[in-house]
Amino acid sequence: MGFYTLAGHGAAPRDLVTEVRAAEKLGIGAAFISERFSTKDAATLSGAAGAVSETIGIATGATNHNTRHPIVTATMATTMHRLTGGRFALGLGRGFDRLFKAFGLTPITSAQIEDVVGVLRRLWRGEMVLGHDGPAGAWPYLHQDADFDEDIPIMLAALGPRSLELAGRCLDGVILHTFYSDAAVAEAMAAVARGAKAAGRDPDSVRVWSVLATVSDEVGEELRLLKTVGRLGSYLQGYGDLMVRVNDWDPAVLERFRADEVVGSVKGGIDTKATREQLEHIATLIPPEWLATAATGSPRQCAEAIARQFDLGVTGVIMHGATPAELTSVVGEYREIRPARLAGLPANPGRTT
């Protein structure tokens, strides 16, 4: 199992130190590090996580290839790889087109991801990349060290079927999205398998992490509301059409959500800016079956929801939206029902063997 450190919009990056140490002590297998353009720089946080841990896997989940020069990204990954003794996986994502355009950056395409993955792997093999001109960019000269032979997994945070097929075709792992129905997870697994088979790869060689909002009854009521309604509401604000399409939800519900005056009055992400009263109203706009894609209830019920994810074929579950302290009872319950077949998975979250 994994968790997201500094879940949400936390402004206290040093909390990562306490969380990673607590997660490792608790026996959680992997720490995932998201990135926000405020106080959550993935490279800095990854280094901190590696420095204060010994066994837990670490992954960016995710950063973007277009916000750093490829030689900087390659150097960050090789540094983390050696710092952690091979526990690091580089997780990439597409990000948000509107934000990138506002920043003067080119929105990310599948062709760019495939191109930059190839460039990174060449650099890690010690190759000199000369005169590269591809979808990800044009670089006359890229090189790290001729003696390099670094095997660093690359994962993709993916939502839609084309991104998932891309991951199956050329990446080492996949990070799905929070609030996926069981059917959506099964469809995602099928898409990864299609991509892998088309490239002549074994689908089982691609590690797939589901992301399950895990909010037990031990979390206070107001915080539970924020971590469920608030978080799903924020996703519906940002890319609701994709969430609805992937889950086969009713698009008319999304239209009513978007047209709601209270939703429109929230200046920013619902999970960071909405008041309790606003959240309680927004809860009336989201169908119970949409929220049922999270693990809620008693710690035992949450643990059982986690175990069911593995029945869908995934090889990892990221308990999203909760700190290790909030997950202690859930992990204890899960330990009692953990499927025996899962023993022996590697620490690196981008590997299956």
# chains A, B, ... in the order shown; residues from 1 in each chain; ligands from 1
$ residues_around --residues "His132 of chain A" --least-positions-apart "3" --cutoff "12 Å" --atoms "only C-alpha atoms" --output "PyMOL selection string"
chain A and resi 70+115-116+118-119+122+128-129+135-143
$ write_last_selection --atoms "C-alpha atoms" --output "JSON list (two decimals), in the first residue's frame"
[["chain", "number", "residue", "atom", "x", "y", "z"],
["A", 70, "PRO", "CA", 15.08, 17.28, -19.47],
["A", 115, "ASP", "CA", 9.47, 11.15, -26.62],
["A", 116, "VAL", "CA", 10.80, 12.45, -23.31],
["A", 118, "GLY", "CA", 12.90, 7.73, -24.51],
["A", 119, "VAL", "CA", 15.32, 10.63, -24.00],
["A", 122, "ARG", "CA", 18.99, 7.07, -23.14],
["A", 128, "MET", "CA", 24.95, 11.17, -25.60],
["A", 129, "VAL", "CA", 21.78, 12.59, -27.17],
["A", 135, "PRO", "CA", 7.55, 16.19, -29.95],
["A", 136, "ALA", "CA", 8.97, 16.98, -26.49],
["A", 137, "GLY", "CA", 11.51, 19.50, -27.77],
["A", 138, "ALA", "CA", 14.68, 20.16, -29.70],
["A", 139, "TRP", "CA", 18.02, 19.87, -27.90],
["A", 140, "PRO", "CA", 21.39, 19.99, -29.69],
["A", 141, "TYR", "CA", 23.21, 18.15, -26.91],
["A", 142, "LEU", "CA", 22.16, 16.21, -23.82],
["A", 143, "HIS", "CA", 24.48, 14.09, -21.71]]
$ residues_around --residues "Ala295 of chain A" --least-positions-apart "5" --cutoff "7 Å" --atoms "only C-alpha atoms" --output "PyMOL selection string"
chain A and resi 212-215+302+305
$ residues_around --residues "Phe88 of chain A" --least-positions-apart "4" --cutoff "7 Å" --atoms "only C-alpha atoms" --output "compact mmCIF listing (two decimals) with N, CA and C atoms, in the first residue's frame"
# COMPACT_ATOMS: atom_id res chain seq x y z
N GLY A 57 9.31 2.94 -0.45
CA GLY A 57 9.44 3.40 -1.82
C GLY A 57 8.99 4.84 -1.95
N ILE A 58 9.55 5.56 -2.91
CA ILE A 58 9.25 6.99 -3.10
C ILE A 58 9.00 7.23 -4.58
N ALA A 59 7.94 7.98 -4.86
CA ALA A 59 7.63 8.30 -6.26
C ALA A 59 7.04 9.70 -6.35
N MET A 80 18.05 10.90 -6.99
CA MET A 80 17.14 10.19 -6.10
C MET A 80 17.37 8.69 -6.15
N HIS A 81 17.63 8.17 -7.32
CA HIS A 81 17.89 6.74 -7.48
C HIS A 81 19.06 6.29 -6.60
N THR A 84 18.49 6.87 -2.64
CA THR A 84 17.59 5.93 -1.98
C THR A 84 17.98 4.47 -2.18
N ASN A 348 10.37 -0.49 -4.61
CA ASN A 348 10.24 0.57 -5.62
C ASN A 348 8.83 0.53 -6.21
$ residues_around --residues "Glu150 of chain A" --least-positions-apart "2" --cutoff "12 Å" --atoms "only C-alpha atoms" --output "PyMOL selection string"
chain A and resi 74-75+77-82+85-86+88-89+120-127+144-148+152-153
$ select_by_dssp --residues "segment 69-300 of chain A" --states "alpha helix (DSSP H)" --output "ChimeraX atom specification"
/A:70-83,97-103,110-124,161-170,182-198,221-225,231-247,251-259,261-265,270-273,276-283,288-291,299-300
$ closest_residue --among "A:Arg341, A:His65, A:Arg276, A:Arg98" --to "Leu226 of chain A" --atoms "only C-alpha atoms"
A:Arg276
$ closest_atom_pairs --of "segment 227-324 of chain A" --to "segment 2-18 of chain A" --cutoff "12 Å" --atoms "only C-alpha atoms" --output "Markdown table"
| residue | atom | partner | partner_atom | distance |
| --- | --- | --- | --- | --- |
| A:Lys227 | CA | A:Gly8 | CA | 8.9 |
| A:Thr228 | CA | A:Gly8 | CA | 11.8 |
| A:Gly230 | CA | A:Gly8 | CA | 10.5 |
| A:Arg231 | CA | A:Gly8 | CA | 8.5 |
| A:Leu232 | CA | A:Gly8 | CA | 11.9 |
| A:Ser234 | CA | A:Gly8 | CA | 10.7 |
| A:Tyr235 | CA | A:Gly8 | CA | 12.0 |
| A:Gly268 | CA | A:His9 | CA | 11.6 |
| A:Gly269 | CA | A:His9 | CA | 9.6 |
| A:Ile270 | CA | A:Gly8 | CA | 11.1 |
| A:Asp271 | CA | A:Gly8 | CA | 7.8 |
| A:Thr272 | CA | A:His9 | CA | 7.0 |
| A:Lys273 | CA | A:His9 | CA | 10.5 |
| A:Ile306 | CA | A:Gly2 | CA | 11.0 |
| A:Thr315 | CA | A:Gly2 | CA | 10.9 |
| A:Gly316 | CA | A:Gly2 | CA | 7.2 |
| A:Val317 | CA | A:Gly2 | CA | 6.1 |
| A:Ile318 | CA | A:Gly2 | CA | 4.3 |
| A:Met319 | CA | A:Phe3 | CA | 4.8 |
| A:His320 | CA | A:Tyr4 | CA | 5.8 |
| A:Gly321 | CA | A:Ala7 | CA | 5.3 |
| A:Ala322 | CA | A:Ala7 | CA | 6.8 |
| A:Thr323 | CA | A:Thr5 | CA | 7.0 |
| A:Pro324 | CA | A:Phe3 | CA | 7.8 |
$ write_last_selection --atoms "C-alpha atoms" --output "PDB file, in the first residue's frame"
ATOM      1  CA  LYS A 227     -11.710  14.895   2.181  1.00  0.00           C
ATOM      2  CA  THR A 228     -14.682  13.382   0.334  1.00  0.00           C
ATOM      3  CA  GLY A 230     -14.500  18.714  -1.052  1.00  0.00           C
ATOM      4  CA  ARG A 231     -11.967  16.644  -2.942  1.00  0.00           C
ATOM      5  CA  LEU A 232     -14.409  15.165  -5.455  1.00  0.00           C
ATOM      6  CA  SER A 234     -12.530  20.017  -6.797  1.00  0.00           C
ATOM      7  CA  TYR A 235     -11.996  17.326  -9.412  1.00  0.00           C
ATOM      8  CA  GLY A 268     -10.717  28.482  -5.900  1.00  0.00           C
ATOM      9  CA  GLY A 269     -10.627  24.745  -5.258  1.00  0.00           C
ATOM     10  CA  ILE A 270     -13.584  23.469  -3.264  1.00  0.00           C
ATOM     11  CA  ASP A 271     -11.288  21.353  -1.091  1.00  0.00           C
ATOM     12  CA  THR A 272      -9.341  24.443  -0.010  1.00  0.00           C
ATOM     13  CA  LYS A 273     -11.701  27.406  -0.170  1.00  0.00           C
ATOM     14  CA  ILE A 306      -8.659  -1.643  -0.047  1.00  0.00           C
ATOM     15  CA  THR A 315      -0.703  -4.200  -7.916  1.00  0.00           C
ATOM     16  CA  GLY A 316      -0.870  -1.321  -5.456  1.00  0.00           C
ATOM     17  CA  VAL A 317      -3.384   0.870  -3.640  1.00  0.00           C
ATOM     18  CA  ILE A 318      -2.601   4.463  -2.688  1.00  0.00           C
ATOM     19  CA  MET A 319      -4.655   5.518   0.328  1.00  0.00           C
ATOM     20  CA  HIS A 320      -5.408   9.057  -0.699  1.00  0.00           C
ATOM     21  CA  GLY A 321      -6.258  12.081   1.409  1.00  0.00           C
ATOM     22  CA  ALA A 322      -5.118  10.740   4.760  1.00  0.00           C
ATOM     23  CA  THR A 323      -1.997  11.048   6.898  1.00  0.00           C
ATOM     24  CA  PRO A 324      -0.258   7.992   8.372  1.00  0.00           C
TER      25      PRO A 324
END
$ residues_around --residues "Ala307 of chain A" --least-positions-apart "4" --cutoff "9 Å" --atoms "only C-alpha atoms" --output "MDAnalysis selection string"
chainID A and resid 302:303 311 317 334 337:339
$ residues_around --residues "Ala42 of chain A" --least-positions-apart "2" --cutoff "8 Å" --atoms "only C-alpha atoms" --output "PyMOL selection string"
chain A and resi 33-35+40+44-46+60+62-63
$ closest_atom_pairs --of "segment 52-131 of chain A" --to "segment 164-167 of chain A" --cutoff "9 Å" --atoms "only C-alpha atoms" --output "tab-separated table"
residue	atom	partner	partner_atom	distance
A:Ser110	CA	A:Leu166	CA	7.1
A:Ile113	CA	A:Leu166	CA	8.8
A:Glu114	CA	A:Leu166	CA	7.7
$ closest_atom_pairs --of "segment 243-353 of chain A" --to "segment 190-201 of chain A" --cutoff "12 Å" --atoms "only C-alpha atoms" --output "tab-separated table"
residue	atom	partner	partner_atom	distance
A:Val246	CA	A:Ala191	CA	11.8
A:Leu312	CA	A:Ala190	CA	10.5
A:Gly313	CA	A:Ala190	CA	9.9
A:Val314	CA	A:Val192	CA	10.9
$ atom_distance --atom1 "atom CA of Leu176 of chain A" --atom2 "atom CA of Ala158 of chain A"
5.6 Å
$ select_by_dssp --residues "segment 116-326 of chain A" --states "strand (DSSP E)" --output "ChimeraX atom specification"
/A:129-134,137-142,154-157,173-175,207-216,295-297,316-320
$ write_last_selection --atoms "N, CA and C atoms" --output "short mmCIF file (atom, residue, chain, number, x, y, z; two decimals), in the first residue's frame"
data_model
loop_
_atom_site.label_atom_id
_atom_site.label_comp_id
_atom_site.auth_asym_id
_atom_site.auth_seq_id
_atom_site.Cartn_x
_atom_site.Cartn_y
_atom_site.Cartn_z
N VAL A 129 22.92 12.31 -26.29
CA VAL A 129 21.78 12.59 -27.17
C VAL A 129 22.13 13.83 -27.98
N LEU A 130 22.31 13.64 -29.27
CA LEU A 130 22.76 14.73 -30.15
C LEU A 130 21.68 15.07 -31.17
N GLY A 131 21.44 16.36 -31.32
CA GLY A 131 20.54 16.84 -32.36
C GLY A 131 19.12 16.31 -32.25
N HIS A 132 18.65 16.14 -31.03
CA HIS A 132 17.29 15.61 -30.88
C HIS A 132 16.26 16.68 -31.26
N ASP A 133 15.30 16.28 -32.07
CA ASP A 133 14.21 17.18 -32.46
C ASP A 133 12.95 16.33 -32.54
N GLY A 134 12.18 16.33 -31.45
CA GLY A 134 10.99 15.49 -31.39
C GLY A 134 9.84 16.23 -30.75
N GLY A 137 10.62 18.35 -27.66
CA GLY A 137 11.51 19.50 -27.77
C GLY A 137 12.70 19.22 -28.65
N ALA A 138 13.47 20.26 -28.88
CA ALA A 138 14.68 20.16 -29.70
C ALA A 138 15.87 20.54 -28.84
N TRP A 139 16.84 19.63 -28.74
CA TRP A 139 18.02 19.87 -27.90
C TRP A 139 19.27 19.42 -28.68
N PRO A 140 20.18 20.35 -28.93
CA PRO A 140 21.39 19.99 -29.69
C PRO A 140 22.24 18.95 -28.98
N TYR A 141 22.29 19.04 -27.64
CA TYR A 141 23.21 18.15 -26.91
C TYR A 141 22.66 17.89 -25.51
N LEU A 142 22.53 16.62 -25.17
CA LEU A 142 22.16 16.21 -23.82
C LEU A 142 23.07 15.07 -23.40
N ILE A 154 9.80 4.63 -14.72
CA ILE A 154 9.01 5.83 -15.01
C ILE A 154 7.54 5.42 -15.03
N MET A 155 6.74 6.16 -14.30
CA MET A 155 5.30 5.89 -14.24
C MET A 155 4.53 7.06 -14.84
N LEU A 156 3.25 6.82 -15.10
CA LEU A 156 2.40 7.86 -15.65
C LEU A 156 1.12 7.95 -14.83
N ALA A 157 0.79 9.14 -14.38
CA ALA A 157 -0.51 9.39 -13.76
C ALA A 157 -1.50 9.58 -14.90
N GLY A 173 4.93 1.88 -14.94
CA GLY A 173 3.85 1.85 -13.98
C GLY A 173 2.81 2.90 -14.28
N VAL A 174 1.66 2.76 -13.64
CA VAL A 174 0.53 3.65 -13.83
C VAL A 174 -0.03 4.05 -12.47
N ILE A 175 -0.37 5.31 -12.34
CA ILE A 175 -1.10 5.80 -11.18
C ILE A 175 -2.47 6.23 -11.67
N ARG A 207 3.23 -1.99 -13.40
CA ARG A 207 2.62 -1.90 -12.07
C ARG A 207 1.52 -0.84 -12.10
N VAL A 208 0.35 -1.23 -11.64
CA VAL A 208 -0.81 -0.33 -11.66
C VAL A 208 -1.25 -0.04 -10.23
N TRP A 209 -1.25 1.24 -9.89
CA TRP A 209 -1.69 1.70 -8.57
C TRP A 209 -3.07 2.33 -8.69
N SER A 210 -4.03 1.79 -7.98
CA SER A 210 -5.29 2.50 -7.85
C SER A 210 -5.14 3.55 -6.75
N VAL A 211 -5.95 4.58 -6.80
CA VAL A 211 -5.88 5.66 -5.82
C VAL A 211 -7.25 5.72 -5.14
N LEU A 212 -7.28 5.35 -3.88
CA LEU A 212 -8.54 5.19 -3.16
C LEU A 212 -8.61 6.18 -2.01
N ALA A 213 -9.52 7.15 -2.13
CA ALA A 213 -9.74 8.06 -1.01
C ALA A 213 -10.11 7.23 0.21
N THR A 214 -9.33 7.34 1.28
CA THR A 214 -9.50 6.49 2.45
C THR A 214 -9.73 7.37 3.67
N VAL A 215 -10.97 7.43 4.09
CA VAL A 215 -11.37 8.38 5.14
C VAL A 215 -12.26 7.64 6.12
N SER A 216 -11.67 7.12 7.18
CA SER A 216 -12.44 6.33 8.14
C SER A 216 -13.24 7.21 9.09
N ALA A 295 -13.18 4.82 0.15
CA ALA A 295 -13.22 3.88 1.27
C ALA A 295 -13.61 4.67 2.52
N THR A 296 -14.79 4.40 3.03
CA THR A 296 -15.29 5.11 4.20
C THR A 296 -15.87 4.11 5.18
N GLY A 297 -16.28 4.62 6.35
CA GLY A 297 -16.83 3.76 7.38
C GLY A 297 -15.80 3.45 8.45
N GLY A 316 -1.13 -2.25 -6.54
CA GLY A 316 -0.87 -1.32 -5.46
C GLY A 316 -2.09 -0.45 -5.22
N VAL A 317 -2.29 -0.04 -3.99
CA VAL A 317 -3.38 0.87 -3.64
C VAL A 317 -2.80 2.05 -2.87
N ILE A 318 -3.02 3.24 -3.38
CA ILE A 318 -2.60 4.46 -2.69
C ILE A 318 -3.79 4.96 -1.87
N MET A 319 -3.61 5.01 -0.56
CA MET A 319 -4.66 5.52 0.33
C MET A 319 -4.57 7.03 0.31
N HIS A 320 -5.51 7.64 -0.37
CA HIS A 320 -5.41 9.06 -0.70
C HIS A 320 -6.14 9.92 0.32
#
$ closest_residue --among "A:Ser205, A:Gly61, A:Arg94, A:Phe179" --to "Thr352 of chain A" --atoms "only C-alpha atoms"
A:Ser205
$ decode --residues "segment 22-42 of chain A" --atoms "N, CA, C and O atoms" --output "PDB file, in the first residue's frame"
ATOM      1  N   ALA A  22       6.638   8.178   9.954  1.00  0.00           N
ATOM      2  CA  ALA A  22       5.514   7.446  10.551  1.00  0.00           C
ATOM      3  C   ALA A  22       5.012   6.354   9.615  1.00  0.00           C
ATOM      4  O   ALA A  22       4.679   5.241  10.052  1.00  0.00           O
ATOM      5  N   ALA A  23       4.953   6.639   8.312  1.00  0.00           N
ATOM      6  CA  ALA A  23       4.489   5.650   7.340  1.00  0.00           C
ATOM      7  C   ALA A  23       5.420   4.453   7.285  1.00  0.00           C
ATOM      8  O   ALA A  23       4.975   3.297   7.229  1.00  0.00           O
ATOM      9  N   GLU A  24       6.708   4.729   7.291  1.00  0.00           N
ATOM     10  CA  GLU A  24       7.682   3.644   7.256  1.00  0.00           C
ATOM     11  C   GLU A  24       7.569   2.774   8.505  1.00  0.00           C
ATOM     12  O   GLU A  24       7.592   1.540   8.419  1.00  0.00           O
ATOM     13  N   LYS A  25       7.406   3.404   9.646  1.00  0.00           N
ATOM     14  CA  LYS A  25       7.253   2.655  10.906  1.00  0.00           C
ATOM     15  C   LYS A  25       5.975   1.833  10.900  1.00  0.00           C
ATOM     16  O   LYS A  25       5.928   0.708  11.412  1.00  0.00           O
ATOM     17  N   LEU A  26       4.927   2.368  10.291  1.00  0.00           N
ATOM     18  CA  LEU A  26       3.642   1.690  10.228  1.00  0.00           C
ATOM     19  C   LEU A  26       3.651   0.519   9.258  1.00  0.00           C
ATOM     20  O   LEU A  26       2.825  -0.388   9.362  1.00  0.00           O
ATOM     21  N   GLY A  27       4.578   0.527   8.325  1.00  0.00           N
ATOM     22  CA  GLY A  27       4.667  -0.547   7.351  1.00  0.00           C
ATOM     23  C   GLY A  27       4.043  -0.228   6.011  1.00  0.00           C
ATOM     24  O   GLY A  27       3.886  -1.120   5.172  1.00  0.00           O
ATOM     25  N   ILE A  28       3.684   1.025   5.778  1.00  0.00           N
ATOM     26  CA  ILE A  28       3.188   1.429   4.459  1.00  0.00           C
ATOM     27  C   ILE A  28       4.340   1.345   3.470  1.00  0.00           C
ATOM     28  O   ILE A  28       5.453   1.765   3.761  1.00  0.00           O
ATOM     29  N   GLY A  29       4.059   0.812   2.279  1.00  0.00           N
ATOM     30  CA  GLY A  29       5.142   0.469   1.368  1.00  0.00           C
ATOM     31  C   GLY A  29       5.693   1.579   0.511  1.00  0.00           C
ATOM     32  O   GLY A  29       6.831   1.489   0.041  1.00  0.00           O
ATOM     33  N   ALA A  30       4.896   2.631   0.256  1.00  0.00           N
ATOM     34  CA  ALA A  30       5.355   3.651  -0.682  1.00  0.00           C
ATOM     35  C   ALA A  30       4.777   5.013  -0.326  1.00  0.00           C
ATOM     36  O   ALA A  30       3.629   5.121   0.109  1.00  0.00           O
ATOM     37  N   ALA A  31       5.588   6.045  -0.530  1.00  0.00           N
ATOM     38  CA  ALA A  31       5.159   7.439  -0.349  1.00  0.00           C
ATOM     39  C   ALA A  31       5.125   8.109  -1.708  1.00  0.00           C
ATOM     40  O   ALA A  31       6.130   8.117  -2.431  1.00  0.00           O
ATOM     41  N   PHE A  32       3.986   8.669  -2.054  1.00  0.00           N
ATOM     42  CA  PHE A  32       3.821   9.371  -3.321  1.00  0.00           C
ATOM     43  C   PHE A  32       3.809  10.871  -3.057  1.00  0.00           C
ATOM     44  O   PHE A  32       3.200  11.337  -2.086  1.00  0.00           O
ATOM     45  N   ILE A  33       4.468  11.613  -3.925  1.00  0.00           N
ATOM     46  CA  ILE A  33       4.663  13.050  -3.728  1.00  0.00           C
ATOM     47  C   ILE A  33       4.060  13.793  -4.910  1.00  0.00           C
ATOM     48  O   ILE A  33       4.536  13.672  -6.044  1.00  0.00           O
ATOM     49  N   SER A  34       2.996  14.530  -4.641  1.00  0.00           N
ATOM     50  CA  SER A  34       2.382  15.346  -5.693  1.00  0.00           C
ATOM     51  C   SER A  34       3.077  16.700  -5.737  1.00  0.00           C
ATOM     52  O   SER A  34       3.900  17.030  -4.884  1.00  0.00           O
ATOM     53  N   GLU A  35       2.730  17.476  -6.741  1.00  0.00           N
ATOM     54  CA  GLU A  35       3.400  18.764  -6.929  1.00  0.00           C
ATOM     55  C   GLU A  35       2.362  19.857  -7.144  1.00  0.00           C
ATOM     56  O   GLU A  35       1.399  19.680  -7.884  1.00  0.00           O
ATOM     57  N   ARG A  36       2.547  20.967  -6.457  1.00  0.00           N
ATOM     58  CA  ARG A  36       1.739  22.157  -6.669  1.00  0.00           C
ATOM     59  C   ARG A  36       2.687  23.347  -6.736  1.00  0.00           C
ATOM     60  O   ARG A  36       3.711  23.369  -6.048  1.00  0.00           O
ATOM     61  N   PHE A  37       2.322  24.327  -7.532  1.00  0.00           N
ATOM     62  CA  PHE A  37       3.222  25.456  -7.761  1.00  0.00           C
ATOM     63  C   PHE A  37       3.076  26.494  -6.646  1.00  0.00           C
ATOM     64  O   PHE A  37       2.699  27.638  -6.878  1.00  0.00           O
ATOM     65  N   SER A  38       3.385  26.041  -5.435  1.00  0.00           N
ATOM     66  CA  SER A  38       3.340  26.931  -4.263  1.00  0.00           C
ATOM     67  C   SER A  38       4.439  26.501  -3.300  1.00  0.00           C
ATOM     68  O   SER A  38       5.552  27.026  -3.354  1.00  0.00           O
ATOM     69  N   THR A  39       4.137  25.515  -2.450  1.00  0.00           N
ATOM     70  CA  THR A  39       5.142  25.032  -1.495  1.00  0.00           C
ATOM     71  C   THR A  39       5.369  23.534  -1.636  1.00  0.00           C
ATOM     72  O   THR A  39       5.823  22.888  -0.699  1.00  0.00           O
ATOM     73  N   LYS A  40       5.058  22.978  -2.811  1.00  0.00           N
ATOM     74  CA  LYS A  40       5.199  21.527  -3.008  1.00  0.00           C
ATOM     75  C   LYS A  40       6.009  21.240  -4.265  1.00  0.00           C
ATOM     76  O   LYS A  40       5.476  20.814  -5.288  1.00  0.00           O
ATOM     77  N   ASP A  41       7.299  21.498  -4.187  1.00  0.00           N
ATOM     78  CA  ASP A  41       8.210  21.169  -5.287  1.00  0.00           C
ATOM     79  C   ASP A  41       8.591  19.695  -5.173  1.00  0.00           C
ATOM     80  O   ASP A  41       9.145  19.261  -4.150  1.00  0.00           O
ATOM     81  N   ALA A  42       8.306  18.917  -6.203  1.00  0.00           N
ATOM     82  CA  ALA A  42       8.478  17.471  -6.131  1.00  0.00           C
ATOM     83  C   ALA A  42       9.925  17.055  -5.913  1.00  0.00           C
ATOM     84  O   ALA A  42      10.209  16.097  -5.195  1.00  0.00           O
TER      85      ALA A  42
END
